[in-house]
file structure_22.cif (mmCIF, C-alpha atoms)
data_structure
#
loop_
_atom_site.label_atom_id
_atom_site.label_comp_id
_atom_site.auth_asym_id
_atom_site.auth_seq_id
_atom_site.Cartn_x
_atom_site.Cartn_y
_atom_site.Cartn_z
CA MET A 479 -61.66 65.29 50.57
CA GLY A 480 -61.65 66.55 46.98
CA VAL A 481 -57.85 66.77 47.03
CA HIS A 482 -57.57 63.19 48.31
CA ARG A 483 -59.91 62.06 45.62
CA PHE A 484 -57.83 63.86 42.98
CA THR A 485 -54.61 62.29 44.35
CA ARG A 486 -56.19 58.83 44.25
CA LEU A 487 -57.29 59.47 40.66
CA VAL A 488 -53.75 60.51 39.66
CA ILE A 489 -52.24 57.45 41.38
CA ALA A 490 -54.79 55.19 39.71
CA CYS A 491 -54.03 56.73 36.29
CA ALA A 492 -50.31 56.37 36.89
CA ALA A 493 -50.80 52.76 37.92
CA LEU A 494 -52.89 52.10 34.83
CA LEU A 495 -50.26 53.75 32.66
CA ILE A 496 -47.57 51.58 34.22
CA ILE A 497 -49.65 48.45 33.84
CA PHE A 498 -50.49 49.08 30.20
CA SER A 499 -47.18 50.53 29.13
CA SER A 500 -44.87 47.93 30.71
CA PRO A 501 -46.14 44.91 28.79
CA ALA A 502 -45.79 46.85 25.56
CA GLN A 503 -42.14 47.56 26.33
CA ALA A 504 -41.61 43.97 27.38
CA GLU A 505 -43.27 42.84 24.19
CA GLU A 506 -40.91 45.02 22.17
CA LYS A 507 -37.96 43.48 23.97
CA GLU A 508 -39.31 40.01 23.38
CA PHE A 509 -39.52 40.67 19.67
CA SER A 510 -35.99 42.01 19.34
CA PHE A 511 -34.47 38.52 19.26
CA LYS A 512 -31.40 37.36 17.47
CA THR A 513 -31.30 34.18 15.43
CA THR A 514 -28.40 32.02 14.54
CA VAL A 515 -29.00 30.21 11.28
CA GLU A 516 -27.25 26.90 11.34
CA GLU A 517 -27.00 25.58 7.85
CA VAL A 518 -24.47 23.90 5.66
CA ARG A 519 -23.69 25.34 2.26
CA LEU A 520 -22.26 23.07 -0.44
CA THR A 521 -21.19 23.86 -3.97
CA LEU A 522 -21.77 20.94 -6.31
CA VAL A 523 -21.20 20.15 -9.95
CA ALA A 524 -23.37 17.69 -11.91
CA THR A 525 -22.30 15.89 -15.07
CA ASP A 526 -23.58 12.94 -17.05
CA LYS A 527 -21.67 9.74 -17.77
CA ASP A 528 -19.81 11.48 -20.60
CA ASN A 529 -18.72 14.39 -18.36
CA ARG A 530 -21.12 16.86 -19.95
CA TYR A 531 -22.43 19.46 -17.53
CA ILE A 532 -26.08 19.26 -16.50
CA ARG A 533 -27.48 22.79 -16.47
CA ASN A 534 -31.08 22.08 -15.42
CA LEU A 535 -30.58 19.95 -12.33
CA SER A 536 -33.49 19.85 -9.90
CA PRO A 537 -33.10 19.44 -6.12
CA THR A 538 -35.39 16.40 -6.29
CA GLU A 539 -32.68 14.59 -8.23
CA LEU A 540 -30.18 14.41 -5.39
CA ALA A 541 -29.73 13.52 -1.75
CA ILE A 542 -26.89 14.54 0.52
CA ILE A 543 -25.27 12.09 2.88
CA ASP A 544 -24.07 14.00 5.94
CA ASN A 545 -22.22 11.84 8.47
CA GLU A 546 -24.01 8.78 7.09
CA ARG A 547 -27.50 10.33 7.35
CA VAL A 548 -29.55 10.91 4.22
CA VAL A 549 -30.81 14.48 3.69
CA ARG A 550 -33.52 14.97 1.06
CA GLU A 551 -34.87 18.35 2.09
CA PHE A 552 -32.89 21.47 1.36
CA ARG A 553 -33.27 25.08 2.44
CA SER A 554 -32.20 26.40 -0.92
CA PHE A 555 -30.91 25.19 -4.25
CA LEU A 556 -29.54 27.60 -6.85
CA ALA A 557 -27.53 27.59 -10.03
CA VAL A 558 -24.80 30.21 -9.72
CA PRO A 559 -23.42 31.04 -13.18
CA GLU A 560 -22.95 34.76 -12.49
CA VAL A 561 -21.25 34.55 -9.14
CA ARG A 562 -18.18 36.70 -8.44
CA LEU A 563 -15.01 34.59 -8.29
CA ASN A 564 -12.21 35.31 -5.87
CA VAL A 565 -9.32 33.49 -7.57
CA LEU A 566 -5.77 32.76 -6.49
CA ILE A 567 -3.59 31.18 -9.16
CA VAL A 568 -0.52 29.50 -7.67
CA LEU A 569 2.38 28.83 -10.02
CA ASP A 570 5.06 26.40 -8.93
CA ALA A 571 8.22 27.72 -10.61
CA THR A 572 10.73 25.46 -8.89
CA GLY A 573 13.44 23.88 -11.01
CA SER A 574 11.64 20.61 -11.68
CA VAL A 575 8.60 22.27 -13.16
CA SER A 576 7.83 24.18 -16.32
CA ILE A 577 4.57 25.86 -17.21
CA GLY A 578 4.09 25.00 -20.87
CA PRO A 579 5.76 26.99 -23.60
CA GLN A 580 5.20 30.38 -21.86
CA ARG A 581 8.04 30.23 -19.35
CA ASP A 582 8.50 33.97 -19.37
CA SER A 583 6.50 35.40 -16.44
CA ALA A 584 5.10 38.31 -18.48
CA ASN A 585 3.70 35.85 -21.03
CA VAL A 586 2.22 33.71 -18.27
CA LEU A 587 0.45 36.71 -16.74
CA GLN A 588 -0.81 37.73 -20.17
CA SER A 589 -2.22 34.24 -20.75
CA ILE A 590 -3.95 34.31 -17.37
CA ALA A 591 -5.45 37.71 -18.09
CA GLY A 592 -6.70 36.34 -21.43
CA ALA A 593 -9.03 33.80 -19.79
CA PRO A 594 -12.76 34.63 -19.95
CA TRP A 595 -13.09 36.33 -16.53
CA TYR A 596 -16.09 38.44 -15.57
CA PRO A 597 -15.41 42.12 -14.83
CA GLN A 598 -16.25 41.65 -11.13
CA ASP A 599 -13.86 38.67 -10.65
CA SER A 600 -10.81 39.08 -8.42
CA ILE A 601 -7.58 37.51 -9.71
CA SER A 602 -4.27 37.25 -7.88
CA VAL A 603 -1.25 35.29 -9.07
CA LEU A 604 1.22 33.81 -6.62
CA THR A 605 4.50 32.50 -7.99
CA PHE A 606 6.98 30.62 -5.86
CA GLY A 607 10.34 29.11 -6.68
CA SER A 608 13.88 29.49 -5.49
CA ALA A 609 13.29 33.08 -4.34
CA ALA A 610 10.61 34.44 -2.00
CA PRO A 611 7.04 34.05 -3.34
CA GLN A 612 5.77 36.88 -5.50
CA LEU A 613 2.19 38.02 -5.51
CA ALA A 614 0.82 39.85 -8.53
CA CYS A 615 -2.58 41.46 -8.57
CA LEU A 616 -4.32 41.23 -11.93
CA LYS A 617 -7.59 42.83 -10.85
CA ASN A 618 -9.93 43.53 -7.90
CA CYS A 619 -7.56 41.80 -5.47
CA PRO A 620 -8.23 41.25 -1.75
CA ASP A 621 -6.78 43.63 0.82
CA GLN A 622 -3.04 43.75 0.08
CA SER A 623 -2.19 43.97 3.79
CA ARG A 624 -2.98 40.25 3.87
CA ALA A 625 -0.24 39.61 1.30
CA THR A 626 2.72 40.10 3.65
CA PRO A 627 2.65 36.65 5.32
CA VAL A 628 2.74 35.09 1.85
CA THR A 629 5.51 37.18 0.32
CA ASN A 630 7.67 37.11 3.46
CA MET A 631 8.08 33.34 3.36
CA ARG A 632 11.54 31.88 3.18
CA THR A 633 11.80 29.04 0.71
CA GLY A 634 15.50 28.26 1.09
CA GLY A 635 15.60 27.28 -2.57
CA GLN A 636 13.29 24.36 -1.76
CA THR A 637 9.63 23.60 -2.55
CA PRO A 638 7.33 24.57 0.36
CA LEU A 639 4.19 23.89 -1.70
CA PHE A 640 1.83 23.13 1.22
CA ASP A 641 2.94 26.13 3.29
CA VAL A 642 2.41 28.40 0.27
CA LEU A 643 -1.09 27.01 -0.24
CA VAL A 644 -2.08 27.39 3.43
CA ARG A 645 -0.91 31.01 3.44
CA GLY A 646 -2.52 31.57 0.06
CA ALA A 647 -5.87 30.43 1.46
CA LYS A 648 -5.52 32.90 4.35
CA TYR A 649 -4.77 35.64 1.83
CA LEU A 650 -8.01 34.89 -0.06
CA GLY A 651 -10.02 34.84 3.16
CA VAL A 652 -13.64 33.86 3.78
CA PRO A 653 -16.03 35.08 1.03
CA ASN A 654 -17.88 38.24 2.00
CA SER A 655 -21.27 36.89 0.97
CA GLY A 656 -23.07 34.03 -0.71
CA GLU A 657 -22.59 35.99 -3.94
CA GLU A 658 -18.87 35.30 -3.97
CA ARG A 659 -16.86 32.09 -4.28
CA SER A 660 -13.20 31.43 -3.66
CA VAL A 661 -11.08 29.21 -5.86
CA ILE A 662 -7.41 28.26 -5.92
CA VAL A 663 -5.88 27.04 -9.18
CA LEU A 664 -2.56 25.31 -8.62
CA PHE A 665 -0.08 24.63 -11.42
CA SER A 666 2.47 22.22 -9.95
CA ASP A 667 3.92 18.72 -9.94
CA GLY A 668 2.58 18.34 -6.37
CA GLU A 669 6.00 17.65 -4.86
CA ASP A 670 6.87 19.28 -1.53
CA ASN A 671 10.14 18.99 0.34
CA PHE A 672 10.18 21.95 2.73
CA SER A 673 6.76 22.58 4.31
CA LEU A 674 5.72 22.50 7.92
CA ALA A 675 2.13 21.98 6.79
CA SER A 676 0.79 18.75 5.29
CA ALA A 677 -1.57 18.09 2.38
CA SER A 678 -4.38 17.55 4.93
CA GLN A 679 -3.73 20.99 6.39
CA VAL A 680 -3.98 22.48 2.90
CA VAL A 681 -7.39 20.80 2.55
CA ARG A 682 -8.48 22.15 5.95
CA ALA A 683 -7.31 25.68 5.06
CA ALA A 684 -9.25 25.55 1.78
CA LEU A 685 -12.41 24.19 3.46
CA ASP A 686 -12.16 26.90 6.11
CA ILE A 687 -12.58 29.54 3.42
CA ASP A 688 -15.10 27.47 1.44
CA ALA A 689 -12.72 27.30 -1.55
CA GLN A 690 -12.41 24.69 -4.26
CA VAL A 691 -8.89 23.80 -5.37
CA TYR A 692 -8.23 22.86 -8.99
CA THR A 693 -4.85 21.28 -9.56
CA VAL A 694 -3.04 21.17 -12.89
CA ASN A 695 -0.53 18.34 -13.01
CA LEU A 696 2.66 19.70 -14.57
CA SER A 697 4.64 16.47 -14.18
CA GLY A 698 2.28 14.40 -16.34
CA SER A 699 2.88 11.44 -13.98
CA SER A 700 0.03 9.19 -12.93
CA PRO A 701 -1.09 9.29 -9.28
CA GLU A 702 -0.32 5.56 -9.12
CA TYR A 703 3.38 6.20 -9.57
CA SER A 704 3.96 9.72 -8.30
CA ARG A 705 3.58 11.01 -4.74
CA GLY A 706 3.24 14.54 -6.07
CA ALA A 707 0.34 13.59 -8.35
CA ARG A 708 -1.32 11.82 -5.41
CA ASN A 709 -1.07 15.05 -3.40
CA LEU A 710 -2.75 16.93 -6.25
CA VAL A 711 -5.58 14.38 -6.46
CA GLN A 712 -6.12 14.42 -2.69
CA ILE A 713 -6.34 18.20 -2.46
CA ALA A 714 -8.60 18.56 -5.50
CA ARG A 715 -11.03 15.77 -4.54
CA ALA A 716 -11.38 16.78 -0.90
CA THR A 717 -12.28 20.35 -1.82
CA GLY A 718 -14.64 19.51 -4.70
CA GLY A 719 -12.18 20.63 -7.40
CA LEU A 720 -10.60 18.67 -10.24
CA LEU A 721 -7.21 17.34 -11.22
CA LEU A 722 -6.46 18.52 -14.77
CA PRO A 723 -3.69 17.64 -17.20
CA MET A 724 -1.55 20.55 -18.41
CA ASP A 725 -2.84 22.00 -21.68
CA ASN A 726 -0.58 23.71 -24.21
CA ASP A 727 -1.90 27.03 -23.02
CA ILE A 728 -2.68 28.15 -19.46
CA THR A 729 -5.72 29.97 -20.82
CA LEU A 730 -7.28 26.64 -21.86
CA ASN A 731 -6.77 25.23 -18.36
CA LEU A 732 -8.35 28.29 -16.82
CA GLN A 733 -11.26 28.07 -19.24
CA THR A 734 -11.92 24.51 -18.04
CA VAL A 735 -11.89 25.72 -14.43
CA LEU A 736 -14.24 28.59 -15.22
CA ASN A 737 -16.68 26.30 -17.09
CA ASP A 738 -16.74 24.03 -14.07
CA MET A 739 -17.24 26.85 -11.56
CA ARG A 740 -20.00 28.43 -13.63
CA SER A 741 -21.87 25.17 -14.05
CA ALA A 742 -22.11 24.72 -10.30
CA TYR A 743 -25.09 24.74 -7.96
CA VAL A 744 -25.19 25.91 -4.37
CA VAL A 745 -27.31 23.90 -1.98
CA THR A 746 -28.01 24.72 1.68
CA TYR A 747 -29.52 22.43 4.32
CA VAL A 748 -29.81 21.98 8.05
CA PRO A 749 -27.32 19.36 9.28
CA PRO A 750 -29.16 16.24 10.49
CA GLU A 751 -27.05 16.04 13.63
CA ARG A 752 -25.22 18.76 15.52
CA THR A 753 -22.04 16.89 16.24
CA PRO A 754 -19.15 19.34 16.39
CA GLY A 755 -16.13 18.47 14.30
CA ARG A 756 -15.68 17.00 10.89
CA HIS A 757 -18.72 15.87 8.94
CA ASP A 758 -18.19 13.69 5.86
CA VAL A 759 -20.46 14.55 2.94
CA TYR A 760 -21.40 12.90 -0.36
CA VAL A 761 -23.96 13.85 -2.94
CA HIS A 762 -25.96 10.90 -4.21
CA PRO A 763 -28.46 10.66 -7.10
CA ILE A 764 -32.09 9.96 -6.19
CA ARG A 765 -33.17 8.13 -9.34
CA ASN A 766 -30.82 8.62 -12.26
CA LEU A 767 -27.74 6.61 -11.34
CA GLY A 768 -25.97 7.98 -14.42
CA LEU A 769 -25.66 11.37 -12.71
CA ARG A 770 -22.17 12.27 -11.53
CA LEU A 771 -22.29 14.67 -8.59
CA ARG A 772 -19.17 16.27 -7.14
CA THR A 773 -18.68 18.35 -4.03
CA ARG A 774 -16.12 18.68 -1.26
CA GLN A 775 -15.79 15.59 0.91
CA SER A 776 -16.23 17.17 4.34
CA TYR A 777 -16.89 20.29 6.37
CA VAL A 778 -16.22 21.25 9.95
CA TYR A 779 -19.27 21.87 12.11
CA SER A 780 -18.93 24.41 14.89
CA THR A 781 -21.70 25.47 17.20
CA GLY A 782 -23.52 28.79 17.15
CA GLU A 783 -22.04 31.77 15.45
CA ASP A 784 -18.84 30.00 14.42
CA MET A 785 -20.92 27.95 12.02
CA ARG A 786 -20.69 30.35 9.13
CA ALA A 787 -16.93 30.59 9.33
CA SER A 788 -16.45 26.85 9.39
CA ARG A 789 -19.08 25.81 6.85
CA MET B 1414 -65.12 -28.78 -25.21
CA LYS B 1415 -64.15 -25.37 -26.56
CA ARG B 1416 -65.14 -23.79 -23.28
CA SER B 1417 -62.87 -26.10 -21.26
CA ILE B 1418 -59.95 -25.44 -23.60
CA CYS B 1419 -60.47 -21.70 -23.11
CA ILE B 1420 -60.54 -22.09 -19.36
CA VAL B 1421 -57.34 -24.17 -19.34
CA ALA B 1422 -55.63 -21.60 -21.58
CA LEU B 1423 -56.71 -18.77 -19.31
CA LEU B 1424 -55.46 -20.61 -16.23
CA LEU B 1425 -52.12 -21.34 -17.87
CA SER B 1426 -51.65 -17.71 -18.93
CA ALA B 1427 -52.55 -16.55 -15.40
CA VAL B 1428 -49.90 -18.88 -13.96
CA ALA B 1429 -47.34 -17.60 -16.47
CA VAL B 1430 -48.12 -13.96 -15.63
CA SER B 1431 -47.92 -14.55 -11.87
CA ALA B 1432 -44.55 -16.27 -12.31
CA GLN B 1433 -43.26 -13.15 -14.05
CA THR B 1434 -44.83 -10.73 -11.58
CA ARG B 1435 -42.45 -9.88 -8.79
CA ILE B 1436 -43.78 -8.84 -5.48
CA TYR B 1437 -41.83 -5.93 -4.07
CA GLN B 1438 -41.59 -4.54 -0.57
CA HIS B 1439 -41.21 -0.83 0.07
CA GLY B 1440 -38.52 0.89 2.12
CA THR B 1441 -36.48 4.04 2.66
CA VAL B 1442 -32.72 4.42 2.86
CA THR B 1443 -31.97 6.44 5.99
CA ARG B 1444 -28.22 6.02 6.19
CA MET B 1445 -25.32 5.45 3.87
CA ARG B 1446 -21.62 5.08 4.49
CA ILE B 1447 -18.55 3.86 2.72
CA GLY B 1448 -17.48 0.62 4.34
CA ARG B 1449 -15.64 -2.55 3.55
CA CYS B 1450 -16.87 -4.56 0.60
CA SER B 1451 -18.47 -7.87 1.29
CA SER B 1452 -15.72 -10.51 1.50
CA GLY B 1453 -18.01 -13.09 -0.08
CA SER B 1454 -16.97 -15.73 2.47
CA SER B 1455 -19.48 -18.47 2.98
CA LEU B 1456 -20.68 -19.71 6.33
CA LEU B 1457 -19.15 -23.11 5.58
CA ALA B 1458 -15.78 -21.55 4.82
CA ASN B 1459 -15.91 -19.70 8.14
CA LEU B 1460 -16.84 -22.84 10.03
CA ALA B 1461 -14.07 -24.76 8.33
CA GLY B 1462 -11.61 -22.06 9.38
CA ILE B 1463 -10.58 -21.27 5.84
CA PRO B 1464 -8.82 -17.89 5.96
CA VAL B 1465 -10.60 -15.20 4.00
CA GLN B 1466 -8.76 -12.36 2.36
CA GLU B 1467 -10.08 -8.93 3.41
CA PRO B 1468 -11.25 -6.94 0.39
CA ALA B 1469 -9.10 -3.90 -0.36
CA GLU B 1470 -11.88 -1.93 -2.04
CA ASN B 1471 -14.47 0.17 -0.20
CA CYS B 1472 -18.13 -0.19 -1.06
CA PRO B 1473 -21.29 1.80 -0.27
CA GLU B 1474 -23.30 0.41 2.65
CA TYR B 1475 -26.98 1.36 2.99
CA THR B 1476 -29.42 1.10 5.90
CA LEU B 1477 -32.80 0.29 4.39
CA VAL B 1478 -35.81 0.66 6.67
CA SER B 1479 -38.94 -1.29 5.68
CA ASP B 1480 -42.21 -1.77 7.56
CA ARG B 1481 -40.98 -4.50 9.86
CA VAL B 1482 -37.33 -5.16 9.16
CA VAL B 1483 -34.24 -2.97 8.83
CA TYR B 1484 -31.61 -4.24 6.42
CA VAL B 1485 -27.96 -3.22 6.17
CA VAL B 1486 -26.91 -3.98 2.61
CA VAL B 1487 -23.58 -3.61 0.84
CA GLY B 1488 -22.81 -2.89 -2.79
CA LYS B 1489 -20.54 -5.24 -4.68
CA HIS B 1490 -18.03 -2.64 -5.85
CA SER B 1491 -17.09 0.96 -5.05
CA ASN B 1492 -19.45 2.48 -7.64
CA HIS B 1493 -22.42 0.27 -6.85
CA LEU B 1494 -25.09 2.87 -6.11
CA ILE B 1495 -28.81 2.42 -5.55
CA PRO B 1496 -31.48 5.12 -5.94
CA LEU B 1497 -32.10 7.15 -2.79
CA ALA B 1498 -35.73 8.02 -3.42
CA GLU B 1499 -37.98 8.31 -0.35
CA ASP B 1500 -39.69 5.10 -1.39
CA ILE B 1501 -37.73 2.33 -3.05
CA ARG B 1502 -38.95 -1.10 -4.05
CA PHE B 1503 -37.00 -4.25 -3.30
CA ARG B 1504 -37.30 -7.98 -2.86
CA LEU B 1505 -35.23 -10.65 -1.21
CA ARG B 1506 -33.60 -13.58 -2.97
CA LYS B 1507 -31.46 -15.95 -0.89
CA ASN B 1508 -29.00 -13.71 0.97
CA GLU B 1509 -29.32 -10.89 -1.53
CA LEU B 1510 -31.56 -7.89 -1.73
CA LEU B 1511 -32.69 -6.85 -5.20
CA VAL B 1512 -33.51 -3.18 -5.58
CA LEU B 1513 -35.66 -2.05 -8.50
CA ILE B 1514 -34.16 0.79 -10.50
CA ASP B 1515 -37.25 2.42 -12.01
CA ASP B 1516 -35.48 4.57 -14.57
CA GLU B 1517 -33.61 1.67 -16.11
CA ASN B 1518 -36.31 -0.97 -15.51
CA ARG B 1519 -33.87 -3.42 -13.99
CA GLU B 1520 -32.84 -4.73 -10.60
CA THR B 1521 -29.52 -4.46 -8.83
CA SER B 1522 -28.50 -6.95 -6.19
CA LEU B 1523 -26.75 -6.11 -2.94
CA SER B 1524 -25.44 -8.39 -0.21
CA VAL B 1525 -27.35 -8.38 3.06
CA ARG B 1526 -24.97 -7.72 5.93
CA GLU B 1527 -27.45 -7.36 8.79
CA MET B 1528 -31.17 -7.76 9.41
CA THR B 1529 -32.89 -6.36 12.51
CA LEU B 1530 -36.51 -6.11 13.55
CA ARG B 1531 -37.58 -2.52 13.10
CA SER B 1532 -38.84 -2.21 16.69
CA GLU B 1533 -35.43 -3.32 18.03
CA TRP B 1534 -33.59 -1.06 15.64
CA GLU B 1535 -35.70 1.93 16.68
CA ASN B 1536 -34.99 1.22 20.35
CA ASP B 1537 -31.27 1.03 19.63
CA GLU B 1538 -31.42 4.28 17.67
CA ALA B 1539 -33.30 6.05 20.47
CA GLN B 1540 -30.76 4.86 23.05
CA ARG B 1541 -27.88 5.95 20.82
CA GLU B 1542 -29.50 9.34 20.36
CA GLN B 1543 -29.94 9.75 24.13
CA VAL B 1544 -26.29 8.92 24.78
CA HIS B 1545 -25.26 11.31 22.04
CA ARG B 1546 -27.38 14.16 23.44
CA ALA B 1547 -26.14 13.54 26.97
CA HIS B 1548 -22.57 13.69 25.69
CA GLN B 1549 -23.25 16.94 23.83
CA THR B 1550 -24.99 18.53 26.80
CA ARG B 1551 -22.11 17.52 29.09
CA ASN B 1552 -19.67 19.14 26.69
CA GLY B 1553 -21.76 22.30 26.39
CA PHE B 1554 -22.66 21.82 22.72
CA ILE B 1555 -26.40 21.86 23.56
CA PRO B 1556 -27.64 24.43 26.11
#
call {"tool": "encode", "arguments": {"input": "structure_22.cif", "output": "structure tokens"}}
result
Amino acid sequence: MGVHRFTRLVIACAALLIIFSSPAQAEEKEFSFKTTVEEVRLTLVATDKDNRYIRNLSPTELAIIDNERVVREFRSFLAVPEVRLNVLIVLDATGSVSIGPQRDSANVLQSIAGAPWYPQDSISVLTFGSAAPQLACLKNCPDQSRATPVTNMRTGGQTPLFDVLVRGAKYLGVPNSGEERSVIVLFSDGEDNFSLASASQVVRAALDIDAQVYTVNLSGSSPEYSRGARNLVQIARATGGLLLPMDNDITLNLQTVLNDMRSAYVVTYVPPERTPGRHDVYVHPIRNLGLRLRTRQSYVYSTGEDMRASR
Amino acid sequence: MKRSICIVALLLSAVAVSAQTRIYQHGTVTRMRIGRCSSGSSLLANLAGIPVQEPAENCPEYTLVSDRVVYVVVGKHSNHLIPLAEDIRFRLRKNELLVLIDDENRETSLSVREMTLRSEWENDEAQREQVHRAHQTRNGFIP
């Protein structure tokens, strides 16, 4: 009798243990969830009517139009003057083009190195012309194993500008964190006569890595009269960059680009609709219509975990 | 006598003030897109079959939701922007909508392209949203 009683007691204790321990384990499992943050991240630059940068912009001064819908609430809004830049400078050295007075490549590299970079910035220089493209690393460059598809290109003595840019974007890659931004600075006349890719594919490649493209027009022609200049405008506008005239010195051009990048703000928000594919975006002033706000013109929305890669 | 002159003067000044006072409605812009500019063709020209040249320029088009009516209004040129504050003040004049720009203390006029009762517009929006969600669910974009 006593033994039976003891057995019953043990069984009851075991049952109690099971009852009270199982929910705890289940609770632990319930709390080990995984979230997928779906947000859009835009880099924007604000200037006044006279093109002077606005350094103290508030998020209440702007709205974002995402696929026609007005977004006034943002997840975050930050000025990013100290961000690490991952820069690819592309020099078009085909016959029709000359890069200012410093035609000698050593001088060009010296001028680029003379721009006011931060110590943590990464700078690569890609030159293409009649021979195969050449990639020079000035400092802190991305993994050089990614350089092979760029330097192995055959140009056939022609101007495969778009192909070079698409491969250049792949070389830069997606930024490792929100603390890093990618930028391509293109010195060219915008003419292309040999590429498989199109200007739209260049834009897509740049948007895929969240990069702005600044284009420096070496031909001096107006976009109204030159197809090449129109290409440069299209690529720069769609990615939130600028079309710049060629200065006497490459360093001055790069300084303009750096001023622009370091006056930028990064805004994040939840997209108002989860339609996969291309979303058109504009930034619009809330009250002060004299504000000039510039960002890329679109992004590609993917569902779930692909979102970050296709911001 | 003096009293009646004072009363008349007061009445006249009140009339003058009310003529200057503009009564504004309130609304919120919920959508914006870049569309075709208003061609400026009149109803009579359309009825008479006079061909109208399509404008080459693109203009901003806003959907403005007020208490009872939803307006689709179009700017008159590509850079014709209106403030996008949560609450904007506007009034109607003929077939134009005048939006008050607080910061500059002036009005800007936009052409009215469409007017819909808010209840109808909300029904349409809900239906559109349902179709959109059904499409996304069918394609596996929403679990």
call {"tool": "residues_around", "arguments": {"input": "structure_22.cif", "residues": "Val1525 in chain B", "least_positions_apart": "2", "cutoff": "7 Å", "atoms": "all atoms listed in the file", "output": "list in words"}}
result
Tyr1484, Val1485, Val1486, Val1487, Asn1508, Glu1509, Leu1510, Leu1523 and Glu1527 of chain B
call {"tool": "atom_distance", "arguments": {"input": "structure_22.cif", "atom1": "CA of Met1528 in chain B", "atom2": "CA of Lys1507 in chain B"}}
result
13.2 Å
call {"tool": "interface_residues", "arguments": {"input": "structure_22.cif", "of": "chain A", "to": "chain B", "cutoff": "7 Å", "atoms": "only C-alpha atoms", "output": "list in words"}}
result
Ala541, Ile543, Glu546, Arg547, Val548, Pro763, Ile764, Arg765, Asn766, Leu767 and Thr781 of chain A
call {"tool": "atom_distance", "arguments": {"input": "structure_22.cif", "atom1": "CA of Leu613 in chain A", "atom2": "CA of Val691 in chain A"}}
result
18.0 Å
call {"tool": "residues_around", "arguments": {"input": "structure_22.cif", "residues": "His1490 in chain B", "least_positions_apart": "6", "cutoff": "9 Å", "atoms": "all atoms listed in the file", "output": "PyMOL selection string"}}
result
chain B and resi 1450-1451+1470-1473
call {"tool": "residues_around", "arguments": {"input": "structure_22.cif", "residues": "Ser600 in chain A", "least_positions_apart": "5", "cutoff": "10 Å", "atoms": "all atoms listed in the file", "output": "list of chain:residue names"}}
result
A:Arg562, A:Leu563, A:Asn564, A:Val565, A:Leu566, A:Trp595, A:Cys615, A:Leu616, A:Lys617, A:Asn618, A:Cys619, A:Pro620, A:Leu650, A:Glu658, A:Ser660
call {"tool": "closest_residue", "arguments": {"input": "structure_22.cif", "among": "A:Ala677, A:Leu730, A:Val518, A:Val778", "to": "Arg553 in chain A", "atoms": "all atoms listed in the file"}}
result
A:Val518
call {"tool": "resolve_selection", "arguments": {"input": "structure_22.cif", "expression": "the PyMOL selection byres ((chain A and resi 520) around 7)", "output": "list in words"}}
result
Val518, Arg519, Thr521, Leu522, Val744, Val745, Thr746 and Thr773 of chain A
call {"tool": "resolve_selection", "arguments": {"input": "structure_22.cif", "expression": "the PyMOL selection byres ((chain A and resi 531) around 12)", "output": "PyMOL selection string"}}
result
chain A and resi 522-530+532-535+734+737-743+769-772
call {"tool": "closest_residue", "arguments": {"input": "structure_22.cif", "among": "B:Arg1526, B:Asp1500, B:Ser1532, B:Asn1518", "to": "Arg1481 in chain B", "atoms": "only C-alpha atoms"}}
result
B:Ser1532
call {"tool": "atom_distance", "arguments": {"input": "structure_22.cif", "atom1": "CA of Ser780 in chain A", "atom2": "CA of Gly755 in chain A"}}
result
6.6 Å
call {"tool": "residues_around", "arguments": {"input": "structure_22.cif", "residues": "His1439 in chain B", "least_positions_apart": "3", "cutoff": "9 Å", "atoms": "only C-alpha atoms", "output": "list in words"}}
result
Val1478, Ser1479, Asp1480, Asp1500, Ile1501, Arg1502, Phe1503 and Arg1504 of chain B
call {"tool": "resolve_selection", "arguments": {"input": "structure_22.cif", "expression": "the PyMOL selection byres ((chain A and resi 661-663) around 9)", "output": "number ranges by chain"}}
result
A: 563-569, 643, 646-647, 650, 659-660, 664-665, 684, 688-694, 719, 732, 735, 739
call {"tool": "closest_residue", "arguments": {"input": "structure_22.cif", "among": "A:Ile542, A:Ile687, A:Leu720, A:Ala714", "to": "Val748 in chain A", "atoms": "only C-alpha atoms"}}
result
A:Ile542
call {"tool": "closest_residue", "arguments": {"input": "structure_22.cif", "among": "A:Leu639, A:Ile713, A:Ile728, A:Leu556", "to": "Thr605 in chain A", "atoms": "all atoms listed in the file"}}
result
A:Leu639
